[in-house]
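The block underneath contains the structure these notes are about, expressed in C-alpha cells.
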Amino acid sequence: MTEITAPKSAVTAEQFADEIREQLKYTQGVTVEQAKPADVYVAASAAVRRHLMDSWFKTQSDMVNGNTKAVGYLSAEFLMGKQLRNALLNAGLTEQFDAAVKELGFSVQDVVDAEHEPGLGNGGLGRLAACFIDSLASLGVPAFGYGIQYKYGIFEQKFDENGKQIETPDYWLTNEEPWGHIDYNRDQKVSFGGEVVEEDGKKVWKPAWSVRAVPVDYMVPGYASGRVNTLRLWTAKSYDEFDLLTFNKSEYLDAVKPQVEAENISKILYPEDSTPQGKALRLEQQYFFVSASIHDAIRVFYPGQDKPDLTTFADKITFQLNDTHPVIGIPELMRVLMDEYGYDWDTAWTVTNKTFNYTCHTLLPEALEVWPSKLIGELLPRHLEIIEKIQDQFAAELKAKGVDEATIKDMAIYTGDSVRMAYLATYGGSHVNGVAELHSQLLKDVTLKNFSDVYPDKFTNVTNGVTPRRFVKLANPRLSDLITEGLGTDKWVSDLELLKGLEPLAADDEFVKKFAAVKQANKVDFSNYAKREYGFDIDPNTMINTMVKRLHEYKRQALKILAVIARYADIKSGRIAADDVMPRTIVFGAKAAPGYYLAKQTIQLINNVARVINNDPDVKGKLNVYFPWNYNVRLAQHLIPAADLDEQISQAGKEASGTGNMKFALNGAMTVGTLDGANVEIRERVGAENFFLFGMTVDEVDALYAEGYDPKKYYEADPRLKAAIDMVADGTFSNGDKTVYEDLVHDWLTKDWFMTLADFGAYTAIQSEIEALYAQPLEWNRKALINVANSGYFSSDRSMEDYLERIWMTGPLK
Ligand code: 26Q
C-alpha cells in the first residue's frame with residue numbers, strides 16, 4: 001500500500017470548471033467559446049488564487065498576532081519561474097485543473113504555456129531566493145520575500161546568424177499577469193538626494209526627490225503546510241506632488257526631471273552577475289526596495305501605532321541580506337530609528353545589529369560591491385554620514401580589541417573614497433554565512449579573514465538547497481511516481497531525506513531498470529520538446545550531457561568546448577575508431593552579461609562548433625552539440641530530468657556553491673566535477689565511487705598561481721589540446737576567418753586565469769571512465785539512483801532549517 005499525503009482540495013473538477021467559467025465571464029468578460037488558452041490561464045490562475053486566500057489571511061494574522069519572529073528575505077532578485085503548476089500542486093488542485101481544462105475544451109499544455117515566466121533574476125542567487133521562500137512557506141515559517149518587480153526581467157537571449165548572442169528586452173508584463181496583486185493603499189515613500197541640515201542640534205535630511213514604492217504581492221503557498229506567505233515586490237511610481245519639491249522656477253524642467261524619471265527605478269534588472277559597475281541607478285534600486293521594505297515591516301508589525309516600541313523590532317522580524325545588494329538597509333534602519341523615531345545611536349545600533357544577517361555568494365574579489373562615497377553622498381547624504389560614524393565606531397572597537405593600525409585600515413568599511421558593502425554587512429549584522437562548506441571556510445580563511453579573526457562567532461555555513469516541489473515533483477513526474485512507489489509513501493516531497501530509503505533498491509536490478517526507463521522516457525520527452533521549441537533533432541538514444549549555467553570564465557565552459565573539439569578531431573582523424581565512440585549529445589545553456597566580451601565570444605564559439613559538428617557526416621550519430629537559446633527556469637524543468645551526465649567543472653575555489661549540481665543529482669544524472677562549492681558535499685554524500693571527480697584542488701590552484709602559471713606550457717605539452725586550440729585559431733569554426741576568435745585564443749595562451757589548460761588533461765582523462773561506465777547501463781543507472789537516494793540533504797527545506805537554527809533563531813508558526 002502506498003501512502004499518499006499530497007494535498008488534495010475537496011473541490012471537484014466540475015466545480016473547478018465552474019469557477020473558471022465564472023472568472024471568464026465576470027472578470028475577464030469573455031465566454032468560454034470566445035476564450036483563448038491565455039484567457040483560460042488567467043481565469044484558472046485567479047481561481048487558484050481564490051482557493052489560497054483564506055490560508056493567506058490566516059497566515060498573516062497568525063504572524064502579526066502571534067509571537068513567532070518572522071523572516072524578511074531581502075533580495076534584489078527572485079527568479080520564480082512559472083506560477084500556475086506550483087500553485088495548483090500546493091492548493092491540491094492539479095487533477096481538478098487538468099480535468100476542468102479538458103472539459104472546457106482546451107489543451108492543458110496550451111493553457112500552461114500561456115504563462116510568461118517572470119525572469120526577475122540572473123541565475124543562482126535569484127533562483128535560490130525563490131527556492132527559499134517556497135521552503136519557508138512549506139515549513140510554516142512566517143516570512144516575507146522583499147524585492148523589486150522589474151518591468152523587464154533578465155533579457156531574452158537570441159543567437160544571430162553568426163552565433164552571436166543578441167539580447168532583447170523581456171517585457172513579461174505584456175499580457176495580464178494574474179499572480180501579482182498591486183496594493184496602492186500600502187505604498188511607501190522613498191526619497192533621494194538633497195542635503196542634511198542641522199535643526200535644533202538634530203540632523204535633518206532634506207531630500208530633493210521622492211518616488212512612490214507600491215507593493216505588488218505574490219502569494220507563496222506552502223506544500224502541505226496550510227500556510228501562504230507573501231512575496232512583496234516593489235514597483236516605482238512617480239508622485240504628482242511637484243509642490244513638495246524645492247525647486248527654483250527657472251529650473252523647472254531640471255527640477256522635475258528626477259520626478260519624471262522616478263519610474264525608471266524598477267524598470268530593468270541589471271543583467272551582470274559579477275563585477276558591479278557602480279551605477280547610480282543600481283544604488284537607487286537597492287535603496288528603493290530596502291527602504292520601502294523596512295518601513296513596510298514597521299507598518300505590518302506595529303499596526304496603527306504612532307509611537308511603536310521599536311526596541312522590539314528584532315524580535316518581530318529578522319532580515320536576511322541576500323548578498324551585498326540590500327546592505328544599504330543597515331544605515332537605513334539606523335536612520336529610521338534615529339531620525340524618524342527619535343532613538344539614540346546606541347539603541348539604534350543594538351536593534352540594527354540584531355536585525356540583520358548577511359549571506360555572501362561569491363569568492364571573486366571583483367564581485368564584492370564597493371560604492372564610491374561621492375555617489376552615496378549625492379544620492380543618500382544622511383546615509384553617508386551614518387556610514388562614516390559606523391566606521392569611526394568600528395575603528396575604535398577594533399583598536400580596543402588590540403587590532404593593529406594596518407589591519408584596521410585594511411578592514412575599513414569607509415575608506416574616504418568608497419564604501420565596502422561586504423564589510424558593512426559583516427560588521428553591521430549578527431551573522432555572516434557562505435553557501436557551501438568549502439565556500440564558508442574560504443570566506444573565513446581568505447575573503448573576510450580579518451573579520452573572522454576578530455569576530456569568529458559571527459561566521460557560519462549554510463549549504464544551499466533546491467526545492468523538491470518544483471525541481472522533482474513538478475519537473476519530473478515519472479521519477480516522482482517511481483520514488484513514491486519505491487518508498488511506499490509520497491512524504492519525501494516535504495521530507496527529502498526519506499530518499500535515503502531508495503538506497504537498498506539500488507541492489508534490486510528490477511527497480512534499477514524501472515529507474516532507467518524513467519530516464520529514457522524523459523529523454524524522449526526532452527527530444528520532442530527540443531524539436532518543438534528549437535527545431536533540434538536530438539537522438540534520445542545517445543548520452544545527454546549537459547552544461548547549463550551563466551557563462552563565466554571561472555565556470556569554464558571553455559574547458560568543455562575544447563574537450564568537445566578534441567573529441568571531434570579524434571573521431572575525424574580516426575584516432576578513435578568510429579565504432580568505439582559512445583554517442584553523445586551535448587546540451588549547453590548559458591546567458592552572458594551583455595558587456596562581458598570573452599563570455600560572448602565563448603557563446604559564439606559554442607554555436608559555431610555546434611554548427612560544424614552537427615553538419616559533418618564524419619561524426620554523424622556520434623557527437624552532437626546543441627545550444628538552446630534563452631536558458632531559463634522553464635527550460636531547466638524540461639532538461640534536467642533528461643540529463644545523463646552533468647558538468648560542474650569550475651576552477652576549484654571559484655564557484656561558491658552551485659545549485660544546478662543539486663538539481664541534476666536529485667534527478668538522477670551523474671556529475672563530472674571539480675572539488676568546488678557544493679560538489680564537495682554532493683560527492684561526500686553520494687560516495688566518491690558515484691561521482692566523476694577530476695582536476696586541481698584549491699591548494700593546487702594556489703600553488704600553481706604562486707609558482708607562476710604559464711598556459712603555453714600545457715598547450716605545447718598536450719597535442720590534443722594544441723590541436724583543439726589551433727582549430728579555433730585557424731578558422732575551422734569561423735569559415736576560415738582567423739580573426740573571429742583571436743582574442744579568446746590569445747587569452748587562453750597568455751592568461752587563462754582560471755587554468756582551463758592546466759585541467760584539460762585530467763578532464764579528458766576521466767572521459768574514458770565515464771564512457772566505460774555508460775557502456776554498462778545497469779551499473780550506470782545504479783550509480784545514478786544512488787545519487788538520488790543520497791541527495792535529500794540538498795533540499796532547500798534543510799537549508800531553511802539550518803538558517804532557522806544557526807542564524808534566525810525562529811521557527812514555524814504555532
Ligand atoms: C551586483 C551589483 C550590480 C549589478 C549586479 C550585481 C549582481 C547581481 C547578481 C551580482 C551578483 C549576482 C548573482 C550572483 C550569483 O548568482 N551567485 C551564485 O549564487 C548561487 C546561490 O548561492 C551560488 O550557488 C553560485 O555559486 C553563485 O555563483
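Each chain in the C-alpha cells gets a letter, A, B and so on, in the order shown; residues start at 1 in every chain, and ligands are counted from 1 in the order they appear.
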
Problem set entry | Residue contacts of Thr810 (chain A) (7 Å, only C-alpha atoms) excluding same-chain residues fewer than 5 positions away, as a PyMOL selection string | chain A and resi 68-69+804

Atoms kept (C-alpha atoms) for selection, written as a compact mmCIF listing (two decimals), in the first residue's frame:
# COMPACT_ATOMS: atom_id res chain seq x y z
CA THR A 68 6.92 33.92 16.31
CA LYS A 69 9.65 36.05 14.78
CA LEU A 804 16.43 28.90 11.47

Exercise. Mind listing the residues within 6 Å of ligand 1, only C-alpha atoms and all ligand atoms counted, as a ChimeraX atom specification?
Worked result: /A:122-125,128,270,272-274,276,361-362,435,655-659

Can those selected residues be exported to a file as a tab-separated table (two decimals), in the first residue's frame so that it contains N, CA and C atoms?
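selection39.tsv, freshly written:
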chain	number	residue	atom	x	y	z
A	122	ASN	N	19.05	36.80	-12.25
A	122	ASN	CA	20.13	36.47	-13.19
A	122	ASN	C	20.42	34.99	-13.27
A	123	GLY	N	20.34	34.32	-12.13
A	123	GLY	CA	20.77	32.92	-12.10
A	123	GLY	C	20.67	32.37	-10.70
A	124	GLY	N	21.76	31.79	-10.22
A	124	GLY	CA	21.77	31.04	-8.96
A	124	GLY	C	21.20	31.79	-7.77
A	125	LEU	N	21.67	33.01	-7.57
A	125	LEU	CA	21.24	33.75	-6.38
A	125	LEU	C	19.75	34.05	-6.39
A	128	LEU	N	17.82	30.78	-5.94
A	128	LEU	CA	17.92	30.34	-4.55
A	128	LEU	C	16.87	31.05	-3.69
A	270	TYR	N	19.41	44.54	-13.72
A	270	TYR	CA	20.78	44.56	-14.25
A	270	TYR	C	21.21	43.14	-14.60
A	272	GLU	N	24.16	41.90	-15.17
A	272	GLU	CA	25.50	41.45	-14.75
A	272	GLU	C	25.35	40.65	-13.47
A	273	ASP	N	26.06	39.55	-13.36
A	273	ASP	CA	26.02	38.83	-12.10
A	273	ASP	C	27.40	38.76	-11.45
A	274	SER	N	28.28	39.67	-11.85
A	274	SER	CA	29.55	39.88	-11.15
A	274	SER	C	30.09	41.23	-11.62
A	276	PRO	N	30.25	44.40	-10.41
A	276	PRO	CA	29.30	45.52	-10.41
A	276	PRO	C	29.95	46.81	-10.90
A	361	HIS	N	27.67	35.30	-1.52
A	361	HIS	CA	27.50	34.29	-2.58
A	361	HIS	C	28.68	34.22	-3.53
A	362	THR	N	29.78	34.80	-3.16
A	362	THR	CA	30.89	34.82	-4.12
A	362	THR	C	32.22	34.63	-3.43
A	435	VAL	N	27.72	29.77	1.36
A	435	VAL	CA	26.63	28.97	0.83
A	435	VAL	C	26.98	27.50	0.59
A	655	GLU	N	33.52	28.61	-7.54
A	655	GLU	CA	32.05	28.52	-7.50
A	655	GLU	C	31.63	28.44	-6.03
A	656	ALA	N	30.92	29.46	-5.56
A	656	ALA	CA	30.57	29.49	-4.14
A	656	ALA	C	29.85	28.20	-3.74
A	657	SER	N	28.84	27.84	-4.50
A	657	SER	CA	28.12	26.61	-4.19
A	657	SER	C	27.72	25.88	-5.47
A	658	GLY	N	26.93	26.56	-6.28
A	658	GLY	CA	26.24	25.88	-7.36
A	658	GLY	C	24.96	25.31	-6.79
A	659	THR	N	23.90	25.35	-7.58
A	659	THR	CA	22.64	24.73	-7.17
A	659	THR	C	22.12	23.85	-8.30

Exercise. For Phe588 (chain A), which of A:Asn615, A:Val472, A:Glu647, A:Lys620 is the closest residue, counting only C-alpha atoms?
Worked result: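 Between A:Asn615, A:Val472, A:Glu647, A:Lys620, the residue approaching Phe588 (chain A) most closely is A:Glu647.
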
Exercise. Any idea what's packed within 8 Å of region 490-498 of chain A, counting only C-alpha atoms, ignoring anything in its chain fewer than 5 positions away? Could you give it as number ranges by chain?
Worked result: A: 2-6, 138, 223-224, 468-469, 473, 483-484, 790-793, 795, 797

Save the residues we just selected, N, CA and C atoms, as a short mmCIF file (atom, residue, chain, number, x, y, z; two decimals), in the first residue's frame?
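Writing the result to out_31.cif gives the following:
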data_model
loop_
_atom_site.label_atom_id
_atom_site.label_comp_id
_atom_site.auth_asym_id
_atom_site.auth_seq_id
_atom_site.Cartn_x
_atom_site.Cartn_y
_atom_site.Cartn_z
N THR A 2 0.54 2.13 -0.89
CA THR A 2 1.29 3.39 -0.94
C THR A 2 0.53 4.48 -0.21
N GLU A 3 1.24 5.13 0.66
CA GLU A 3 0.62 6.21 1.44
C GLU A 3 0.70 7.53 0.65
N ILE A 4 -0.46 8.13 0.40
CA ILE A 4 -0.48 9.39 -0.35
C ILE A 4 -0.87 10.53 0.59
N THR A 5 0.02 11.48 0.71
CA THR A 5 -0.21 12.59 1.64
C THR A 5 -0.30 13.94 0.92
N ALA A 6 -0.12 13.92 -0.40
CA ALA A 6 -0.15 15.18 -1.15
C ALA A 6 -1.47 15.90 -0.90
N SER A 138 6.51 26.17 3.10
CA SER A 138 6.23 24.75 3.31
C SER A 138 6.52 24.31 4.73
N TYR A 223 3.76 23.84 0.63
CA TYR A 223 3.30 22.49 0.27
C TYR A 223 2.89 21.77 1.54
N ALA A 224 1.62 21.39 1.60
CA ALA A 224 1.10 20.58 2.72
C ALA A 224 1.30 21.24 4.08
N PRO A 468 12.35 20.61 -3.72
CA PRO A 468 11.96 19.36 -4.37
C PRO A 468 10.59 19.45 -5.04
N ARG A 469 9.79 20.46 -4.63
CA ARG A 469 8.48 20.59 -5.27
C ARG A 469 8.68 20.93 -6.75
N LYS A 473 9.16 17.06 -8.06
CA LYS A 473 7.73 16.70 -8.19
C LYS A 473 7.11 17.28 -9.47
N ILE A 483 9.70 7.11 -7.21
CA ILE A 483 10.20 7.29 -5.84
C ILE A 483 9.10 6.92 -4.84
N THR A 484 7.90 7.42 -5.11
CA THR A 484 6.77 7.12 -4.22
C THR A 484 6.52 5.62 -4.17
N ASN A 790 20.87 9.75 -2.12
CA ASN A 790 21.71 10.43 -1.14
C ASN A 790 21.73 11.95 -1.28
N SER A 791 20.81 12.48 -2.08
CA SER A 791 20.81 13.92 -2.31
C SER A 791 19.71 14.65 -1.54
N GLY A 792 19.02 13.92 -0.67
CA GLY A 792 17.93 14.54 0.09
C GLY A 792 18.40 15.72 0.92
N TYR A 793 19.65 15.67 1.33
CA TYR A 793 20.23 16.78 2.10
C TYR A 793 20.13 18.10 1.34
N SER A 795 17.83 19.52 -0.19
CA SER A 795 16.54 20.20 -0.22
C SER A 795 16.69 21.58 0.42
N ASP A 797 14.49 22.89 2.03
CA ASP A 797 13.86 22.78 3.36
C ASP A 797 14.94 22.62 4.42
#

Exercise. Neighbours of Val220 (chain A) within 9 Å (only C-alpha atoms; same-chain residues fewer than 6 positions away dropped), as a PyMOL selection string?
Worked result: chain A and resi 56+87+133-134+137+227-231

Write the residues of the preceding selection, restricted to N, CA and C atoms, as a short mmCIF file (atom, residue, chain, number, x, y, z; two decimals), in the first residue's frame.
data_model
loop_
_atom_site.label_atom_id
_atom_site.label_comp_id
_atom_site.auth_asym_id
_atom_site.auth_seq_id
_atom_site.Cartn_x
_atom_site.Cartn_y
_atom_site.Cartn_z
N TRP A 56 -3.98 32.47 3.25
CA TRP A 56 -3.11 33.65 3.20
C TRP A 56 -3.46 34.61 4.34
N ALA A 87 1.28 26.51 -7.89
CA ALA A 87 0.14 26.89 -7.05
C ALA A 87 -0.90 25.78 -7.03
N ILE A 133 11.93 30.86 -0.34
CA ILE A 133 10.60 31.28 0.12
C ILE A 133 9.58 30.15 -0.05
N ASP A 134 9.80 29.29 -1.02
CA ASP A 134 8.94 28.10 -1.15
C ASP A 134 9.10 27.22 0.08
N ALA A 137 7.54 28.72 3.35
CA ALA A 137 6.09 28.54 3.40
C ALA A 137 5.74 27.07 3.68
N ARG A 227 -0.06 26.93 4.91
CA ARG A 227 0.41 28.32 5.05
C ARG A 227 0.65 28.96 3.69
N VAL A 228 0.38 30.24 3.62
CA VAL A 228 0.65 31.00 2.41
C VAL A 228 1.36 32.28 2.82
N ASN A 229 2.61 32.42 2.46
CA ASN A 229 3.37 33.63 2.76
C ASN A 229 3.27 34.64 1.64
N THR A 230 4.02 35.73 1.76
CA THR A 230 3.93 36.82 0.80
C THR A 230 5.29 37.14 0.21
N LEU A 231 5.31 37.24 -1.09
CA LEU A 231 6.46 37.84 -1.77
C LEU A 231 6.02 39.24 -2.17
#

Problem set entry | Gly731 (chain A) environment, 12 Å, only C-alpha atoms, sequence neighbours closer than 2 positions dropped, as an MDAnalysis selection string | chainID A and resid 605 608:609 612 724:729 733:742 745

Exercise. What are the DSSP strand (DSSP E or B) residues of region 440-672 of chain A, as an MDAnalysis selection string?
Worked result: chainID A and resid 459:461 466 489 543:548 584:589 623:626 645:648 670:672

For this session: Find, counting only C-alpha atoms, the residue in A:Pro303, A:Gly488, A:Pro628, A:Gly653 that gets nearest to Leu442 (chain A).
Result: A:Gly653

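Take the candidates A:Phe394, A:Trp179, A:Trp349, A:Trp629 and check each one against Leu337 (chain A) using only C-alpha atoms; the shortest distance goes to A:Trp349.
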
For this session: Any chance you could list, as a VMD selection string, the residues in region 485-621 of chain A that come up alpha helix (DSSP H) when DSSP is run on the backbone?
Result: chain A and resid 485 to 487 509 to 534 557 to 573 597 to 614

So that I have them on file, write out the residues from the current selection with C-alpha atoms, as a compact mmCIF listing (two decimals), in the first residue's frame.
# COMPACT_ATOMS: atom_id res chain seq x y z
CA GLU A 485 6.44 3.53 -5.37
CA GLY A 486 9.88 2.64 -4.08
CA LEU A 487 9.36 4.28 -0.69
CA ASP A 509 18.00 -4.85 -10.74
CA GLU A 510 14.31 -4.66 -11.49
CA PHE A 511 13.98 -1.35 -9.71
CA VAL A 512 17.12 -0.02 -11.39
CA LYS A 513 15.61 -0.96 -14.74
CA LYS A 514 12.47 0.98 -13.92
CA PHE A 515 14.67 3.90 -12.97
CA ALA A 516 16.48 3.60 -16.31
CA ALA A 517 13.12 3.50 -18.12
CA VAL A 518 12.08 6.74 -16.41
CA LYS A 519 15.26 8.43 -17.60
CA GLN A 520 14.77 7.10 -21.10
CA ALA A 521 11.18 8.35 -21.26
CA ASN A 522 12.31 11.76 -20.00
CA LYS A 523 14.93 11.87 -22.74
CA VAL A 524 12.28 11.16 -25.35
CA ASP A 525 10.13 13.93 -23.87
CA PHE A 526 13.02 16.35 -23.97
CA SER A 527 13.86 15.41 -27.51
CA ASN A 528 10.27 16.21 -28.51
CA TYR A 529 10.34 19.44 -26.58
CA ALA A 530 13.61 20.48 -28.21
CA LYS A 531 12.15 19.71 -31.61
CA ARG A 532 9.01 21.72 -30.94
CA GLU A 533 10.67 24.71 -29.30
CA TYR A 534 14.00 24.87 -31.09
CA GLN A 557 32.56 26.41 -20.49
CA ALA A 558 35.81 26.79 -22.45
CA LEU A 559 37.10 23.56 -20.93
CA LYS A 560 34.03 21.72 -22.11
CA ILE A 561 34.04 23.10 -25.62
CA LEU A 562 37.77 22.46 -26.05
CA ALA A 563 37.22 18.87 -24.98
CA VAL A 564 34.37 18.59 -27.49
CA ILE A 565 36.62 19.91 -30.22
CA ALA A 566 39.36 17.46 -29.26
CA ARG A 567 36.84 14.65 -29.37
CA TYR A 568 35.66 15.79 -32.78
CA ALA A 569 39.23 15.78 -34.04
CA ASP A 570 39.78 12.31 -32.57
CA ILE A 571 36.83 10.87 -34.47
CA LYS A 572 37.56 12.73 -37.67
CA SER A 573 41.19 11.75 -37.76
CA TYR A 597 33.36 40.20 -24.10
CA LEU A 598 35.11 36.88 -23.56
CA ALA A 599 31.88 35.27 -22.38
CA LYS A 600 30.14 36.40 -25.54
CA GLN A 601 32.99 35.10 -27.67
CA THR A 602 32.63 31.75 -25.95
CA ILE A 603 28.92 31.65 -26.78
CA GLN A 604 29.70 32.37 -30.38
CA LEU A 605 32.31 29.63 -30.41
CA ILE A 606 29.96 27.04 -28.91
CA ASN A 607 27.33 27.87 -31.51
CA ASN A 608 29.80 27.52 -34.33
CA VAL A 609 31.32 24.33 -33.03
CA ALA A 610 27.74 23.02 -32.90
CA ARG A 611 27.14 24.13 -36.49
CA VAL A 612 30.30 22.49 -37.82
CA ILE A 613 29.96 19.24 -35.88
CA ASN A 614 26.25 18.78 -36.44

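Near region 107-118 of chain A, within 6 Å and counting only C-alpha atoms, sit A:Pro37, A:Ala38, A:Tyr41, A:Gly81, A:Lys82, not including residues fewer than 5 positions from it in the same chain.
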
For this session: Compile the contact shell of Thr750 (chain A) as a ChimeraX atom specification: residues with an atom at most 12 Å away, counting only C-alpha atoms, same-chain residues fewer than 5 positions apart removed.
Result: /A:708-715,742-745,755-757

Exercise. Using only C-alpha atoms, which of A:Gly673, A:Gly126, A:Gly535, A:Gly621 sits nearest Leu645 (chain A)?
Worked result: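 Result for the nearest residue to Leu645 (chain A): A:Gly673.
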